[in-house]
>>> print(open('run-v4.pdb').read())   # PDB, C-alpha atoms
ATOM      1  CA  MET B 238       0.779 -77.129  94.279
ATOM      2  CA  THR B 239       2.851 -75.169  96.357
ATOM      3  CA  LEU B 240       2.809 -71.575  96.643
ATOM      4  CA  GLN B 241       6.211 -71.275  95.243
ATOM      5  CA  ILE B 242       5.275 -73.238  92.212
ATOM      6  CA  GLN B 243       2.139 -71.229  91.879
ATOM      7  CA  LEU B 244       4.102 -68.057  92.185
ATOM      8  CA  ALA B 245       6.640 -69.355  89.738
ATOM      9  CA  LEU B 246       3.875 -70.392  87.419
ATOM     10  CA  ALA B 247       2.197 -67.032  87.884
ATOM     11  CA  ALA B 248       5.531 -65.320  87.268
ATOM     12  CA  LEU B 249       6.043 -67.518  84.239
ATOM     13  CA  VAL B 250       2.522 -66.812  82.965
ATOM     14  CA  ALA B 251       3.082 -63.110  83.661
ATOM     15  CA  ALA B 252       6.433 -63.272  81.919
ATOM     16  CA  LEU B 253       4.947 -65.178  79.003
ATOM     17  CA  SER B 254       2.014 -62.795  78.883
ATOM     18  CA  PHE B 255       4.345 -59.867  79.106
ATOM     19  CA  GLY B 256       6.624 -61.420  76.443
ATOM     20  CA  GLY B 257       3.645 -62.326  74.293
ATOM     21  CA  GLY B 258       2.241 -58.815  74.700
ATOM     22  CA  TRP B 259       5.637 -57.485  73.935
ATOM     23  CA  MET B 260       5.771 -59.596  70.794
ATOM     24  CA  VAL B 261       2.218 -58.719  69.777
ATOM     25  CA  ASN B 262       2.945 -55.072  70.452
ATOM     26  CA  GLY B 263       6.119 -55.440  68.366
ATOM     27  CA  TRP B 264       4.110 -57.058  65.616
ATOM     28  CA  ARG B 265       1.576 -54.238  65.798
ATOM     29  CA  GLY B 266       4.384 -51.673  65.733
ATOM     30  CA  ALA B 267       6.012 -53.489  62.841
ATOM     31  CA  SER B 268       2.629 -53.602  61.136
ATOM     32  CA  LYS B 269       2.173 -49.867  61.664
ATOM     33  CA  VAL B 270       5.712 -49.234  60.401
ATOM     34  CA  ALA B 271       4.942 -51.471  57.422
ATOM     35  CA  GLU B 272       1.690 -49.582  56.823
ATOM     36  CA  CYS B 273       3.519 -46.256  57.069
ATOM     37  CA  LYS B 274       6.194 -47.525  54.692
ATOM     38  CA  THR B 275       3.488 -48.826  52.347
ATOM     39  CA  GLU B 276       1.632 -45.493  52.482
ATOM     40  CA  GLN B 277       4.886 -43.661  51.996
ATOM     41  CA  ALA B 278       5.838 -45.942  49.091
ATOM     42  CA  GLN B 279       2.372 -45.486  47.584
ATOM     43  CA  GLY B 280       2.737 -41.695  48.029
ATOM     44  CA  VAL B 281       6.163 -41.814  46.384
ATOM     45  CA  ALA B 282       4.744 -43.996  43.593
ATOM     46  CA  THR B 283       1.761 -41.620  43.146
ATOM     47  CA  ARG B 284       4.049 -38.602  43.073
ATOM     48  CA  ALA B 285       6.408 -40.403  40.697
ATOM     49  CA  GLU B 286       3.459 -41.290  38.433
ATOM     50  CA  ALA B 287       2.227 -37.663  38.608
ATOM     51  CA  ALA B 288       5.759 -36.409  37.863
ATOM     52  CA  ARG B 289       6.037 -38.853  34.937
ATOM     53  CA  ALA B 290       2.613 -37.738  33.639
ATOM     54  CA  ASN B 291       3.672 -34.103  34.095
ATOM     55  CA  GLU B 292       6.930 -34.763  32.254
ATOM     56  CA  THR B 293       5.025 -36.519  29.463
ATOM     57  CA  GLN B 294       2.583 -33.624  29.209
ATOM     58  CA  THR B 295       5.451 -31.111  29.322
ATOM     59  CA  ALA B 296       7.288 -33.076  26.597
ATOM     60  CA  GLN B 297       4.137 -33.085  24.458
ATOM     61  CA  LEU B 298       3.648 -29.345  25.026
ATOM     62  CA  GLU B 299       7.300 -28.677  24.212
ATOM     63  CA  SER B 300       7.015 -30.798  21.062
ATOM     64  CA  LYS B 301       3.839 -28.954  20.023
ATOM     65  CA  HIS B 302       5.522 -25.640  20.857
ATOM     66  CA  ALA B 303       8.537 -26.578  18.722
ATOM     67  CA  LYS B 304       6.309 -27.668  15.807
ATOM     68  CA  ASP B 305       4.212 -24.486  16.100
ATOM     69  CA  THR B 306       7.343 -22.348  16.296
ATOM     70  CA  ILE B 307       8.812 -24.028  13.202
ATOM     71  CA  TYR B 308       5.479 -23.664  11.363
ATOM     72  CA  ASN B 309       5.239 -20.000  12.379
ATOM     73  CA  ALA B 310       8.843 -19.332  11.347
ATOM     74  CA  ASP B 311       8.256 -21.071   7.994
ATOM     75  CA  ARG B 312       5.040 -19.138   7.466
ATOM     76  CA  LEU B 313       6.793 -15.859   8.351
ATOM     77  CA  ALA B 314       9.620 -16.714   5.937
ATOM     78  CA  ALA B 315       7.064 -17.469   3.221
ATOM     79  CA  LEU B 316       5.245 -14.206   3.985
ATOM     80  CA  LYS B 317       8.518 -12.298   3.851
ATOM     81  CA  THR B 318       9.285 -13.928   0.514
ATOM     82  CA  ASP B 319       5.820 -13.079  -0.807
ATOM     83  CA  ILE B 320       6.122  -9.529   0.506
ATOM     84  CA  ALA B 321       9.576  -9.171  -1.062
ATOM     85  CA  VAL B 322       8.192 -10.427  -4.391
ATOM     86  CA  ASP B 323       5.261  -8.009  -4.133
ATOM     87  CA  VAL B 324       7.541  -5.095  -3.246
ATOM     88  CA  ARG B 325       9.938  -5.971  -6.081
ATOM     89  CA  SER B 326       6.976  -6.194  -8.483
ATOM     90  CA  GLU B 327       5.630  -2.818  -7.325
ATOM     91  CA  LEU B 328       9.088  -1.248  -7.595
ATOM     92  CA  GLU B 329       9.454  -2.607 -11.135
ATOM     93  CA  ARG B 330       6.004  -1.248 -11.976
ATOM     94  CA  ALA B 331       6.944   2.131 -10.490
ATOM     95  CA  HIS B 332      10.166   2.091 -12.538
ATOM     96  CA  ARG B 333       8.219   1.290 -15.726
ATOM     97  CA  LEU B 334       5.771   4.077 -14.896
ATOM     98  CA  GLN B 335       8.677   6.461 -14.332
ATOM     99  CA  LEU B 336      10.209   5.521 -17.694
ATOM    100  CA  SER B 337       6.806   5.914 -19.330
ATOM    101  CA  ALA B 338       6.314   9.266 -17.592
ATOM    102  CA  ASP B 339       9.744  10.426 -18.765
ATOM    103  CA  SER B 340       8.909   9.328 -22.314
ATOM    104  CA  ARG B 341       5.542  11.078 -22.197
ATOM    105  CA  ALA B 342       7.169  14.198 -20.748
ATOM    106  CA  ALA B 343       9.627  14.233 -23.668
ATOM    107  CA  THR B 344       6.681  13.793 -26.054
ATOM    108  CA  TYR B 345       4.798  16.603 -24.321
ATOM    109  CA  ARG B 346       7.845  18.887 -24.554
ATOM    110  CA  ALA B 347       8.272  18.029 -28.235
ATOM    111  CA  GLN B 348       4.583  18.680 -28.848
ATOM    112  CA  ALA B 349       4.809  21.942 -26.948
ATOM    113  CA  GLN B 350       7.818  22.987 -29.022
ATOM    114  CA  ALA B 351       6.034  21.961 -32.208
ATOM    115  CA  ASP B 352       2.923  23.806 -31.035
ATOM    116  CA  ALA B 353       5.022  26.856 -30.185
ATOM    117  CA  THR B 354       6.639  26.708 -33.626
ATOM    118  CA  ALA B 355       3.227  26.299 -35.263
ATOM    119  CA  ARG B 356       1.832  29.186 -33.176
ATOM    120  CA  ARG B 357       4.790  31.365 -34.146
ATOM    121  CA  ALA B 358       4.228  30.440 -37.801
ATOM    122  CA  LEU B 359       0.516  31.212 -37.458
ATOM    123  CA  ALA B 360       1.320  34.441 -35.658
ATOM    124  CA  ASP B 361       3.764  35.352 -38.443
ATOM    125  CA  LYS B 362       1.099  34.545 -41.082
ATOM    126  CA  ALA B 363      -1.538  36.499 -39.158
ATOM    127  CA  SER B 364       0.897  39.396 -38.807
ATOM    128  CA  ALA B 365       1.674  39.229 -42.526
ATOM    129  CA  LEU B 366      -2.053  39.128 -43.313
ATOM    130  CA  ASP B 367      -2.649  42.080 -41.002
ATOM    131  CA  HIS B 368       0.184  43.945 -42.742
ATOM    132  CA  GLN B 369      -1.245  43.026 -46.145
ATOM    133  CA  LEU B 370      -4.713  44.076 -44.950
ATOM    134  CA  ALA B 371      -3.344  47.402 -43.810
ATOM    135  CA  GLU B 372      -1.543  47.833 -47.144
ATOM    136  CA  GLY B 373      -4.759  46.795 -48.925
ATOM    137  CA  VAL B 374      -6.796  49.310 -46.971
ATOM    138  CA  GLU B 375      -4.164  51.917 -47.795
ATOM    139  CA  VAL B 376      -4.313  50.996 -51.485
ATOM    140  CA  VAL B 377      -8.137  51.068 -51.371
ATOM    141  CA  ALA B 378      -7.992  54.448 -49.630
ATOM    142  CA  GLU B 379      -5.557  55.765 -52.216
ATOM    143  CA  LEU B 380      -7.644  54.323 -55.076
ATOM    144  CA  GLY B 381     -10.822  55.629 -53.486
ATOM    145  CA  GLY B 382      -9.200  59.040 -53.179
ATOM    146  CA  ALA B 383      -7.974  58.817 -56.761
ATOM    147  CA  LEU B 384     -11.461  57.751 -57.888
ATOM    148  CA  LYS B 385     -13.088  60.663 -56.047
ATOM    149  CA  GLN B 386     -10.499  63.003 -57.480
ATOM    150  CA  ARG B 387     -11.161  61.619 -60.958
ATOM    151  CA  ASP B 388     -14.935  61.926 -60.406
ATOM    152  CA  ALA B 389     -14.409  65.492 -59.201
ATOM    153  CA  GLU B 390     -12.195  66.203 -62.231
ATOM    154  CA  VAL B 391     -14.737  64.568 -64.577
ATOM    155  CA  ALA B 392     -17.526  66.626 -62.983
ATOM    156  CA  ALA B 393     -15.402  69.773 -63.276
ATOM    157  CA  LEU B 394     -14.567  68.965 -66.908
ATOM    158  CA  CYS B 395     -18.227  68.282 -67.606
ATOM    159  CA  ASP B 396     -19.133  71.592 -66.048
ATOM    160  CA  GLN B 397     -16.386  73.218 -68.097
ATOM    161  CA  VAL B 398     -17.773  71.602 -71.241
ATOM    162  CA  ASN B 399     -21.221  72.873 -70.358
ATOM    163  CA  ILE B 400     -19.809  76.313 -69.712
ATOM    164  CA  GLU B 401     -18.055  76.237 -73.069
ATOM    165  CA  ARG B 402     -21.199  75.126 -74.845
ATOM    166  CA  SER B 403     -23.230  77.791 -73.150
ATOM    167  CA  LEU B 404     -20.721  80.352 -74.446
ATOM    168  CA  ASN B 405     -21.299  79.160 -77.963
ATOM    169  CA  GLY B 406     -24.987  79.368 -77.462
ATOM    170  CA  GLY B 407     -25.933  75.772 -77.153
ATOM    171  CA  GLU B 408     -27.541  75.818 -73.843
ATOM    172  CA  ASP B 409     -29.800  72.946 -74.737
ATOM    173  CA  ASP B 410     -26.870  70.800 -75.701
ATOM    174  CA  LEU B 411     -25.405  70.036 -72.277
ATOM    175  CA  ALA B 412     -22.660  67.375 -71.932
ATOM    176  CA  CYS B 413     -23.789  66.253 -68.482
ATOM    177  CA  ASN B 414     -26.355  67.059 -65.879
TER     178      ASN B 414
END
>>> encode(input="run-v4.pdb", output="C-alpha coordinates")
Amino acid sequence: MTLQIQLALAALVAALSFGGGWMVNGWRGASKVAECKTEQAQGVATRAEAARANETQTAQLESKHAKDTIYNADRLAALKTDIAVDVRSELERAHRLQLSADSRAATYRAQAQADATARRALADKASALDHQLAEGVEVVAELGGALKQRDAEVAALCDQVNIERSLNGGEDDLACN
(Lines of atoms letter the chains of each structure in order from A and count residues from 1; the text may use other names and numbers.)
(Lines give C-alpha, C1' and ligand atoms only; values in the text may rest on other atoms or scores of the structure.)
Protein backbone atom coordinates (compact mmCIF):
# COMPACT_ATOMS: atom_id res chain seq x y z
CA MET A 1 0.00 0.00 0.00
CA THR A 2 1.27 3.15 -0.95
CA LEU A 3 1.68 6.03 1.19
CA GLN A 4 -0.83 7.97 -0.70
CA ILE A 5 -3.39 5.29 -0.30
CA GLN A 6 -2.52 5.00 3.33
CA LEU A 7 -2.82 8.71 3.73
CA ALA A 8 -6.06 8.69 1.82
CA LEU A 9 -7.28 5.82 3.91
CA ALA A 10 -6.13 7.59 7.05
CA ALA A 11 -7.83 10.76 5.83
CA LEU A 12 -10.92 8.74 5.03
CA VAL A 13 -10.84 7.01 8.42
CA ALA A 14 -10.26 10.40 10.06
CA ALA A 15 -13.08 11.88 8.03
CA LEU A 16 -15.34 8.95 8.83
CA SER A 17 -14.33 9.11 12.47
CA PHE A 18 -14.85 12.82 12.49
CA GLY A 19 -18.20 12.41 10.67
CA GLY A 20 -19.18 9.55 12.94
CA GLY A 21 -18.19 11.59 15.99
CA TRP A 22 -20.06 14.47 14.55
CA MET A 23 -23.11 12.28 14.10
CA VAL A 24 -22.77 10.71 17.55
CA ASN A 25 -22.28 14.15 19.04
CA GLY A 26 -25.36 15.30 17.11
CA TRP A 27 -27.28 12.33 18.42
CA ARG A 28 -26.11 13.12 21.95
CA GLY A 29 -27.08 16.77 21.48
CA ALA A 30 -30.42 15.73 20.04
CA SER A 31 -30.82 13.35 22.97
CA LYS A 32 -30.04 16.14 25.42
CA VAL A 33 -32.45 18.45 23.60
CA ALA A 34 -35.04 15.66 23.69
CA GLU A 35 -34.38 15.16 27.41
CA CYS A 36 -34.68 18.90 28.02
CA LYS A 37 -37.90 18.99 26.00
CA THR A 38 -39.17 15.94 27.89
CA GLU A 39 -38.27 17.53 31.25
CA GLN A 40 -39.82 20.77 30.13
CA ALA A 41 -42.95 18.96 28.91
CA GLN A 42 -43.11 17.02 32.18
CA GLY A 43 -42.70 20.32 34.09
CA VAL A 44 -45.45 21.90 32.01
CA ALA A 45 -47.63 18.82 32.55
CA THR A 46 -46.91 18.88 36.32
CA ARG A 47 -47.69 22.58 36.51
CA ALA A 48 -50.81 22.07 34.40
CA GLU A 49 -51.91 19.22 36.70
CA ALA A 50 -51.18 21.41 39.76
CA ALA A 51 -53.09 24.31 38.16
CA ARG A 52 -56.00 21.98 37.35
CA ALA A 53 -55.96 20.63 40.93
CA ASN A 54 -55.79 24.20 42.23
CA GLU A 55 -58.69 25.22 39.99
CA THR A 56 -60.68 22.19 41.16
CA GLN A 57 -59.95 23.01 44.79
CA THR A 58 -60.78 26.69 44.19
CA ALA A 59 -64.04 25.68 42.46
CA GLN A 60 -64.92 23.43 45.41
CA LEU A 61 -64.09 26.22 47.88
CA GLU A 62 -66.12 28.71 45.86
CA SER A 63 -69.04 26.27 45.72
CA LYS A 64 -68.82 25.68 49.48
CA HIS A 65 -68.52 29.44 50.02
CA ALA A 66 -71.62 30.04 47.88
CA LYS A 67 -73.59 27.33 49.72
CA ASP A 68 -72.47 28.68 53.11
CA THR A 69 -73.32 32.23 52.07
CA ILE A 70 -76.79 31.16 50.89
CA TYR A 71 -77.31 29.16 54.11
CA ASN A 72 -76.15 32.12 56.22
CA ALA A 73 -78.37 34.54 54.30
CA ASP A 74 -81.36 32.18 54.67
CA ARG A 75 -80.64 31.74 58.37
CA LEU A 76 -80.33 35.52 58.82
CA ALA A 77 -83.61 36.03 56.95
CA ALA A 78 -85.27 33.43 59.18
CA LEU A 79 -83.80 35.10 62.27
CA LYS A 80 -85.02 38.48 61.08
CA THR A 81 -88.47 37.00 60.53
CA ASP A 82 -88.44 35.41 63.98
CA ILE A 83 -87.20 38.64 65.53
CA ALA A 84 -89.88 40.63 63.69
CA VAL A 85 -92.54 38.20 64.94
CA ASP A 86 -91.18 38.46 68.49
CA VAL A 87 -91.06 42.26 68.33
CA ARG A 88 -94.59 42.41 66.89
CA SER A 89 -95.79 40.06 69.64
CA GLU A 90 -94.11 42.17 72.34
CA LEU A 91 -95.54 45.37 70.85
CA GLU A 92 -99.02 43.83 70.81
CA ARG A 93 -98.54 42.73 74.42
CA ALA A 94 -97.37 46.24 75.35
CA HIS A 95 -100.43 47.69 73.58
CA ARG A 96 -102.74 45.31 75.48
CA LEU A 97 -101.00 46.25 78.72
CA GLN A 98 -101.42 49.94 77.88
CA LEU A 99 -105.14 49.44 77.19
CA SER A 100 -105.45 47.46 80.42
CA ALA A 101 -103.54 50.16 82.31
CA ASP A 102 -105.81 52.85 80.85
CA SER A 103 -108.87 50.81 81.86
CA ARG A 104 -107.50 50.26 85.36
CA ALA A 105 -106.62 53.95 85.64
CA ALA A 106 -110.22 54.85 84.74
CA THR A 107 -111.42 52.33 87.34
CA TYR A 108 -109.04 53.80 89.92
CA ARG A 109 -110.26 57.33 89.15
CA ALA A 110 -113.88 56.19 89.42
CA GLN A 111 -113.12 54.45 92.70
CA ALA A 112 -111.31 57.52 93.96
CA GLN A 113 -114.28 59.70 93.01
CA ALA A 114 -116.66 57.24 94.65
CA ASP A 115 -114.40 57.12 97.71
CA ALA A 116 -114.24 60.92 97.77
CA THR A 117 -118.04 61.08 97.53
CA ALA A 118 -118.37 58.46 100.28
CA ARG A 119 -115.83 60.33 102.43
CA ARG A 120 -117.71 63.59 101.89
CA ALA A 121 -120.96 61.83 102.83
CA LEU A 122 -119.29 60.35 105.92
CA ALA A 123 -117.78 63.72 106.76
CA ASP A 124 -121.22 65.33 106.37
CA LYS A 125 -122.77 62.64 108.62
CA ALA A 126 -119.97 63.02 111.17
CA SER A 127 -120.41 66.79 111.04
CA ALA A 128 -124.16 66.40 111.49
CA LEU A 129 -123.58 64.00 114.40
CA ASP A 130 -121.11 66.44 115.94
CA HIS A 131 -123.68 69.22 115.53
CA GLN A 132 -126.38 67.01 117.03
CA LEU A 133 -124.00 66.06 119.86
CA ALA A 134 -123.30 69.71 120.54
CA GLU A 135 -127.04 70.45 120.49
CA GLY A 136 -127.60 67.42 122.75
CA VAL A 137 -124.97 68.60 125.19
CA GLU A 138 -126.58 72.04 125.10
CA VAL A 139 -130.01 70.52 125.75
CA VAL A 140 -128.54 68.37 128.57
CA ALA A 141 -126.85 71.47 130.00
CA GLU A 142 -130.09 73.43 129.80
CA LEU A 143 -132.07 70.53 131.30
CA GLY A 144 -129.41 70.02 133.95
CA GLY A 145 -129.58 73.72 134.76
CA ALA A 146 -133.37 73.57 134.80
CA LEU A 147 -133.23 70.48 137.04
CA LYS A 148 -130.83 72.20 139.46
CA GLN A 149 -133.01 75.28 139.42
CA ARG A 150 -136.07 73.13 140.10
CA ASP A 151 -134.20 71.29 142.89
CA ALA A 152 -133.14 74.64 144.32
CA GLU A 153 -136.74 75.91 144.04
CA VAL A 154 -138.08 72.70 145.61
CA ALA A 155 -135.53 73.01 148.43
CA ALA A 156 -136.45 76.68 148.89
CA LEU A 157 -140.17 75.83 148.87
CA CYS A 158 -139.55 73.03 151.35
CA ASP A 159 -137.66 75.42 153.56
CA GLN A 160 -140.49 77.91 153.16
CA VAL A 161 -142.99 75.22 154.13
CA ASN A 162 -140.90 74.39 157.17
CA ILE A 163 -140.68 78.06 158.04
CA GLU A 164 -144.44 78.38 157.72
CA ARG A 165 -145.02 75.33 159.88
CA SER A 166 -142.63 76.58 162.48
CA LEU A 167 -144.64 79.82 162.60
CA ASN A 168 -147.76 77.87 163.35
CA GLY A 169 -145.98 75.98 166.03
CA GLY A 170 -145.48 72.65 164.43
CA GLU A 171 -141.82 72.39 164.65
CA ASP A 172 -141.95 68.63 164.82
CA ASP A 173 -143.96 68.45 161.65
CA LEU A 174 -141.31 69.35 159.08
CA ALA A 175 -142.05 68.91 155.34
CA CYS A 176 -138.46 68.02 154.45
CA ASN A 177 -135.09 67.67 156.04
>>> axis_aligned_box(input="run-v4.pdb", around="segment 369-378 of chain B", padding_each_side="8 Å", output="JSON")
{"center_x": -4.7, "center_y": 48.7, "center_z": -47.6, "size_x": 22.9, "size_y": 27.4, "size_z": 23.7}
>>> atom_distance(input="run-v4.pdb", atom1="atom CA of Ala389 of chain B", atom2="atom CA of Val377 of chain B")
17.6 Å
>>> atom_distance(input="run-v4.pdb", atom1="atom CA of Asn405 of chain B", atom2="atom CA of Gln386 of chain B")
28.2 Å
>>> atom_distance(input="run-v4.pdb", atom1="atom CA of Leu298 of chain B", atom2="atom CA of Thr283 of chain B")
22.0 Å
>>> decode(input="run-v4.pdb", residues="segment 262-279 of chain B", atoms="N, CA, C and O atoms", output="short mmCIF file (atom, residue, chain, number, x, y, z; two decimals), in the first residue's frame")
data_model
loop_
_atom_site.label_atom_id
_atom_site.label_comp_id
_atom_site.auth_asym_id
_atom_site.auth_seq_id
_atom_site.Cartn_x
_atom_site.Cartn_y
_atom_site.Cartn_z
N ASN B 262 -22.14 12.92 18.24
CA ASN B 262 -22.28 14.15 19.04
C ASN B 262 -23.63 14.80 18.73
O ASN B 262 -24.29 15.32 19.63
N GLY B 263 -24.06 14.76 17.49
CA GLY B 263 -25.36 15.30 17.11
C GLY B 263 -26.48 14.50 17.79
O GLY B 263 -27.48 15.06 18.23
N TRP B 264 -26.28 13.15 17.76
CA TRP B 264 -27.28 12.33 18.42
C TRP B 264 -27.35 12.64 19.91
O TRP B 264 -28.42 12.71 20.49
N ARG B 265 -26.13 12.78 20.52
CA ARG B 265 -26.11 13.12 21.95
C ARG B 265 -26.77 14.48 22.16
O ARG B 265 -27.52 14.68 23.13
N GLY B 266 -26.47 15.44 21.35
CA GLY B 266 -27.08 16.77 21.48
C GLY B 266 -28.58 16.70 21.31
O GLY B 266 -29.35 17.33 22.03
N ALA B 267 -29.00 15.89 20.28
CA ALA B 267 -30.42 15.73 20.04
C ALA B 267 -31.07 15.04 21.25
O ALA B 267 -32.19 15.36 21.65
N SER B 268 -30.32 14.06 21.80
CA SER B 268 -30.82 13.35 22.97
C SER B 268 -30.96 14.31 24.14
O SER B 268 -31.96 14.27 24.87
N LYS B 269 -29.95 15.15 24.32
CA LYS B 269 -30.04 16.14 25.42
C LYS B 269 -31.19 17.10 25.17
O LYS B 269 -31.92 17.48 26.09
N VAL B 270 -31.34 17.55 23.94
CA VAL B 270 -32.45 18.45 23.60
C VAL B 270 -33.77 17.73 23.87
O VAL B 270 -34.71 18.31 24.43
N ALA B 271 -33.82 16.44 23.46
CA ALA B 271 -35.04 15.66 23.69
C ALA B 271 -35.30 15.52 25.18
O ALA B 271 -36.45 15.61 25.64
N GLU B 272 -34.22 15.25 25.95
CA GLU B 272 -34.38 15.16 27.41
C GLU B 272 -34.86 16.47 27.99
O GLU B 272 -35.74 16.50 28.85
N CYS B 273 -34.26 17.57 27.53
CA CYS B 273 -34.68 18.90 28.02
C CYS B 273 -36.15 19.14 27.68
O CYS B 273 -36.92 19.64 28.50
N LYS B 274 -36.51 18.80 26.42
CA LYS B 274 -37.90 18.99 26.00
C LYS B 274 -38.82 18.10 26.83
O LYS B 274 -39.92 18.51 27.20
N THR B 275 -38.37 16.86 27.09
CA THR B 275 -39.17 15.94 27.89
C THR B 275 -39.33 16.49 29.31
O THR B 275 -40.44 16.49 29.87
N GLU B 276 -38.21 16.95 29.90
CA GLU B 276 -38.27 17.53 31.25
C GLU B 276 -39.17 18.75 31.26
O GLU B 276 -39.99 18.94 32.19
N GLN B 277 -39.00 19.58 30.20
CA GLN B 277 -39.82 20.77 30.13
C GLN B 277 -41.29 20.39 29.96
O GLN B 277 -42.17 20.96 30.61
N ALA B 278 -41.58 19.41 29.13
CA ALA B 278 -42.95 18.96 28.91
C ALA B 278 -43.51 18.37 30.20
O ALA B 278 -44.69 18.59 30.54
N GLN B 279 -42.66 17.58 30.91
CA GLN B 279 -43.11 17.02 32.18
C GLN B 279 -43.37 18.15 33.19
O GLN B 279 -44.34 18.10 33.96
#
